[in-house]
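Following: one structure in structure tokens, then a few remarks.
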Amino acid sequence: MIRQCGAGDLGTLFSLINEAAHVYRGAIPADRWSEPYMPGEELHHEIDNGVMFWGFEEQGELLGVMGIQHVQDVTLIRHAYVRPHRQQKGIGSELLGFLMKQTDRPVLIGTWAAACWAIRFYEKHGFCMVSEEEKDRLLKKYWSIPERQVETSVVLADQKWFALRAKEEGS
Ligand SMILES: CC(C)(COP(=O)(O)OP(=O)(O)OC[C@H]1O[C@@H](n2cnc3c(N)ncnc32)[C@H](O)[C@@H]1OP(=O)(O)O)[C@@H](O)C(=O)NCCC(=O)NCCS
């Protein structure tokens, strides 16, 4: 079952995200790693800034979460995490498919350049990486992240975003 996460899920969100984010340790630049990866205050801040979390639940247990945030004229998919022992079993795909149906806007996703598994996951769902120049522009326009994170991230966009961009460039 996929359901929206509420205030009562905050503790579980915190532990699930930080458990799944352990895969970043040693993969992303060392200066971007912290323990916990996402402190509670940051999680609260993200929710206050409009990130709505949806969770994949089985027998009362949240096994995966994914956030959606509408910013200006686009939708961002944020903070996708599946419990390590349940990864690569289709939960992330279920959540992404569900969230893609919640928006008519072009969709963008930012992730670490080093997270090749996550890039592969999104590419499998039809997202494509934008150019380096475009990435810098988009991260500054739609995200609130430090400059160092911009340098070490990539942005993937869906086909709707690429079609609109091509139209803009042609006009
Ligand atoms: C990325 C993530 C959300 C995907 O969810 P998932 O339930 O594991 O993914 P699914 O089972 O739906 O899809 C599997 C596909 O994702 C990719 N993938 C996911 N985890 C992978 C891994 N560890 N290694 C390689 N590919 C991986 C592959 O493309 C895989 O398909 P394939 O096996 O046919 O190549 C999940 O693996 C996760 O939480 N990873 C750790 C945290 C993370 O990187 N989050 C992304 C933040 S933007």
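Just so we're on the same page: first chain in the structure tokens is A, next is B, and so on; residues restart at 1 for each chain, and ligands are numbered from 1 in the order they show up.
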
Please list as an mmCIF file with all heavy atoms, in the first residue's frame every residue within 8 Å of region 24-30 of chain A, counting only C-alpha atoms and excluding residues in the same chain fewer than 5 positions away.
```
data_model
loop_
_atom_site.group_PDB
_atom_site.id
_atom_site.type_symbol
_atom_site.label_atom_id
_atom_site.label_comp_id
_atom_site.auth_asym_id
_atom_site.auth_seq_id
_atom_site.Cartn_x
_atom_site.Cartn_y
_atom_site.Cartn_z
ATOM 1 N N TRP A 112 23.313 12.463 -6.198
ATOM 2 C CA TRP A 112 24.772 12.547 -6.201
ATOM 3 C C TRP A 112 25.306 11.981 -7.518
ATOM 4 O O TRP A 112 24.843 10.917 -7.961
ATOM 5 C CB TRP A 112 25.359 11.739 -5.041
ATOM 6 C CG TRP A 112 24.949 12.233 -3.704
ATOM 7 C CD1 TRP A 112 24.067 11.658 -2.845
ATOM 8 C CD2 TRP A 112 25.410 13.428 -3.072
ATOM 9 N NE1 TRP A 112 23.945 12.427 -1.716
ATOM 10 C CE2 TRP A 112 24.755 13.523 -1.819
ATOM 11 C CE3 TRP A 112 26.302 14.444 -3.427
ATOM 12 C CZ2 TRP A 112 24.965 14.575 -0.938
ATOM 13 C CZ3 TRP A 112 26.509 15.495 -2.546
ATOM 14 C CH2 TRP A 112 25.861 15.553 -1.319
ATOM 15 N N ALA A 113 26.313 12.655 -8.078
ATOM 16 C CA ALA A 113 26.929 12.152 -9.315
ATOM 17 C C ALA A 113 27.509 10.753 -9.082
ATOM 18 O O ALA A 113 27.559 9.930 -9.998
ATOM 19 C CB ALA A 113 28.013 13.118 -9.770
ATOM 20 N N ALA A 114 27.932 10.481 -7.839
ATOM 21 C CA ALA A 114 28.560 9.194 -7.524
ATOM 22 C C ALA A 114 27.538 8.075 -7.305
ATOM 23 O O ALA A 114 27.915 6.904 -7.236
ATOM 24 C CB ALA A 114 29.424 9.342 -6.279
ATOM 25 N N ALA A 115 26.269 8.423 -7.192
ATOM 26 C CA ALA A 115 25.243 7.403 -6.899
ATOM 27 C C ALA A 115 24.779 6.743 -8.198
ATOM 28 O O ALA A 115 23.632 6.896 -8.630
ATOM 29 C CB ALA A 115 24.077 8.030 -6.139
ATOM 30 N N THR A 152 28.731 18.422 -6.940
ATOM 31 C CA THR A 152 28.856 16.964 -6.838
ATOM 32 C C THR A 152 27.548 16.226 -7.162
ATOM 33 O O THR A 152 27.404 15.052 -6.847
ATOM 34 C CB THR A 152 29.329 16.603 -5.409
ATOM 35 O OG1 THR A 152 28.483 17.271 -4.481
ATOM 36 C CG2 THR A 152 30.755 17.022 -5.159
#
```

Could you name the residues that touch Ile2 (chain A) at 7 Å or less, counting only C-alpha atoms, but leaving out those on the same chain fewer than 3 positions away, as a list in words?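 Listing them by chain and then by number gives Trp54, Gly55, Phe56 and Glu57 of chain A.
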
Dump as a tab-separated table the rows for residues of chain A within 6 Å of ligand 1: closest atom pair and distance in Å with one decimal, only C-alpha atoms and all ligand atoms counted, ordered by chain and rising residue number.
```
residue	atom	partner	partner_atom_place_in_ligand_line	distance
A:Ala20	CA	ligand 1	41 (C)	5.1
A:Ala21	CA	ligand 1	42 (C)	5.1
A:His79	CA	ligand 1	47 (C)	5.3
A:Ala80	CA	ligand 1	47 (C)	4.6
A:Tyr81	CA	ligand 1	39 (O)	3.4
A:Val82	CA	ligand 1	39 (O)	3.8
A:Gln87	CA	ligand 1	8 (O)	3.4
A:Gln88	CA	ligand 1	11 (O)	3.1
A:Lys89	CA	ligand 1	11 (O)	3.9
A:Gly90	CA	ligand 1	12 (O)	3.3
A:Ile91	CA	ligand 1	7 (O)	3.9
A:Gly92	CA	ligand 1	5 (O)	3.4
A:Ser93	CA	ligand 1	12 (O)	3.6
A:Thr111	CA	ligand 1	48 (S)	4.6
A:Trp117	CA	ligand 1	26 (N)	4.2
A:Ala118	CA	ligand 1	1 (C)	4.5
A:Arg120	CA	ligand 1	29 (O)	4.5
A:Phe121	CA	ligand 1	16 (O)	3.7
A:Lys124	CA	ligand 1	29 (O)	5.8
```

Atoms to include: N, CA and C atoms. Write the selected residues as a PDB file, in the first residue's frame.
```pdb
ATOM      1  N   ALA A  20      18.931   3.727   4.974  1.00  0.00           N
ATOM      2  CA  ALA A  20      19.166   3.518   3.536  1.00  0.00           C
ATOM      3  C   ALA A  20      20.304   4.389   3.016  1.00  0.00           C
ATOM      4  N   ALA A  21      20.494   5.561   3.633  1.00  0.00           N
ATOM      5  CA  ALA A  21      21.514   6.496   3.147  1.00  0.00           C
ATOM      6  C   ALA A  21      22.930   6.022   3.473  1.00  0.00           C
ATOM      7  N   HIS A  79      14.441  12.762  -2.040  1.00  0.00           N
ATOM      8  CA  HIS A  79      14.680  11.832  -0.933  1.00  0.00           C
ATOM      9  C   HIS A  79      13.995  10.461  -1.121  1.00  0.00           C
ATOM     10  N   ALA A  80      14.526   9.700  -2.046  1.00  0.00           N
ATOM     11  CA  ALA A  80      13.982   8.360  -2.320  1.00  0.00           C
ATOM     12  C   ALA A  80      14.803   7.331  -1.544  1.00  0.00           C
ATOM     13  N   TYR A  81      14.148   6.607  -0.672  1.00  0.00           N
ATOM     14  CA  TYR A  81      14.861   5.620   0.153  1.00  0.00           C
ATOM     15  C   TYR A  81      14.022   4.373   0.394  1.00  0.00           C
ATOM     16  N   VAL A  82      14.672   3.224   0.197  1.00  0.00           N
ATOM     17  CA  VAL A  82      14.020   1.940   0.468  1.00  0.00           C
ATOM     18  C   VAL A  82      14.900   1.214   1.491  1.00  0.00           C
ATOM     19  N   GLN A  87      15.605  -3.449  -0.950  1.00  0.00           N
ATOM     20  CA  GLN A  87      15.958  -2.762  -2.205  1.00  0.00           C
ATOM     21  C   GLN A  87      16.003  -3.749  -3.367  1.00  0.00           C
ATOM     22  N   GLN A  88      15.872  -3.196  -4.567  1.00  0.00           N
ATOM     23  CA  GLN A  88      15.903  -3.962  -5.822  1.00  0.00           C
ATOM     24  C   GLN A  88      14.813  -5.032  -5.886  1.00  0.00           C
ATOM     25  N   LYS A  89      13.676  -4.712  -5.258  1.00  0.00           N
ATOM     26  CA  LYS A  89      12.530  -5.635  -5.330  1.00  0.00           C
ATOM     27  C   LYS A  89      11.289  -4.892  -5.818  1.00  0.00           C
ATOM     28  N   GLY A  90      11.496  -3.734  -6.434  1.00  0.00           N
ATOM     29  CA  GLY A  90      10.375  -3.037  -7.062  1.00  0.00           C
ATOM     30  C   GLY A  90       9.683  -1.961  -6.233  1.00  0.00           C
ATOM     31  N   ILE A  91      10.086  -1.768  -4.976  1.00  0.00           N
ATOM     32  CA  ILE A  91       9.389  -0.780  -4.137  1.00  0.00           C
ATOM     33  C   ILE A  91       9.642   0.657  -4.635  1.00  0.00           C
ATOM     34  N   GLY A  92      10.896   0.961  -4.956  1.00  0.00           N
ATOM     35  CA  GLY A  92      11.217   2.302  -5.476  1.00  0.00           C
ATOM     36  C   GLY A  92      10.434   2.575  -6.755  1.00  0.00           C
ATOM     37  N   SER A  93      10.325   1.580  -7.616  1.00  0.00           N
ATOM     38  CA  SER A  93       9.591   1.748  -8.878  1.00  0.00           C
ATOM     39  C   SER A  93       8.112   2.017  -8.624  1.00  0.00           C
ATOM     40  N   THR A 111      20.454  14.028  -7.817  1.00  0.00           N
ATOM     41  CA  THR A 111      21.089  13.020  -6.962  1.00  0.00           C
ATOM     42  C   THR A 111      22.599  13.203  -7.032  1.00  0.00           C
ATOM     43  N   TRP A 117      23.945   3.805  -8.938  1.00  0.00           N
ATOM     44  CA  TRP A 117      22.784   2.918  -8.825  1.00  0.00           C
ATOM     45  C   TRP A 117      21.480   3.722  -8.914  1.00  0.00           C
ATOM     46  N   ALA A 118      21.484   4.918  -8.292  1.00  0.00           N
ATOM     47  CA  ALA A 118      20.275   5.752  -8.311  1.00  0.00           C
ATOM     48  C   ALA A 118      20.057   6.321  -9.724  1.00  0.00           C
ATOM     49  N   ARG A 120      20.941   4.942 -12.448  1.00  0.00           N
ATOM     50  CA  ARG A 120      20.444   3.804 -13.252  1.00  0.00           C
ATOM     51  C   ARG A 120      18.947   3.581 -12.999  1.00  0.00           C
ATOM     52  N   PHE A 121      18.573   3.690 -11.749  1.00  0.00           N
ATOM     53  CA  PHE A 121      17.164   3.513 -11.367  1.00  0.00           C
ATOM     54  C   PHE A 121      16.292   4.531 -12.116  1.00  0.00           C
ATOM     55  N   LYS A 124      16.160   4.003 -15.888  1.00  0.00           N
ATOM     56  CA  LYS A 124      15.288   2.865 -16.196  1.00  0.00           C
ATOM     57  C   LYS A 124      13.828   3.308 -16.295  1.00  0.00           C
TER      58      LYS A 124
END
```
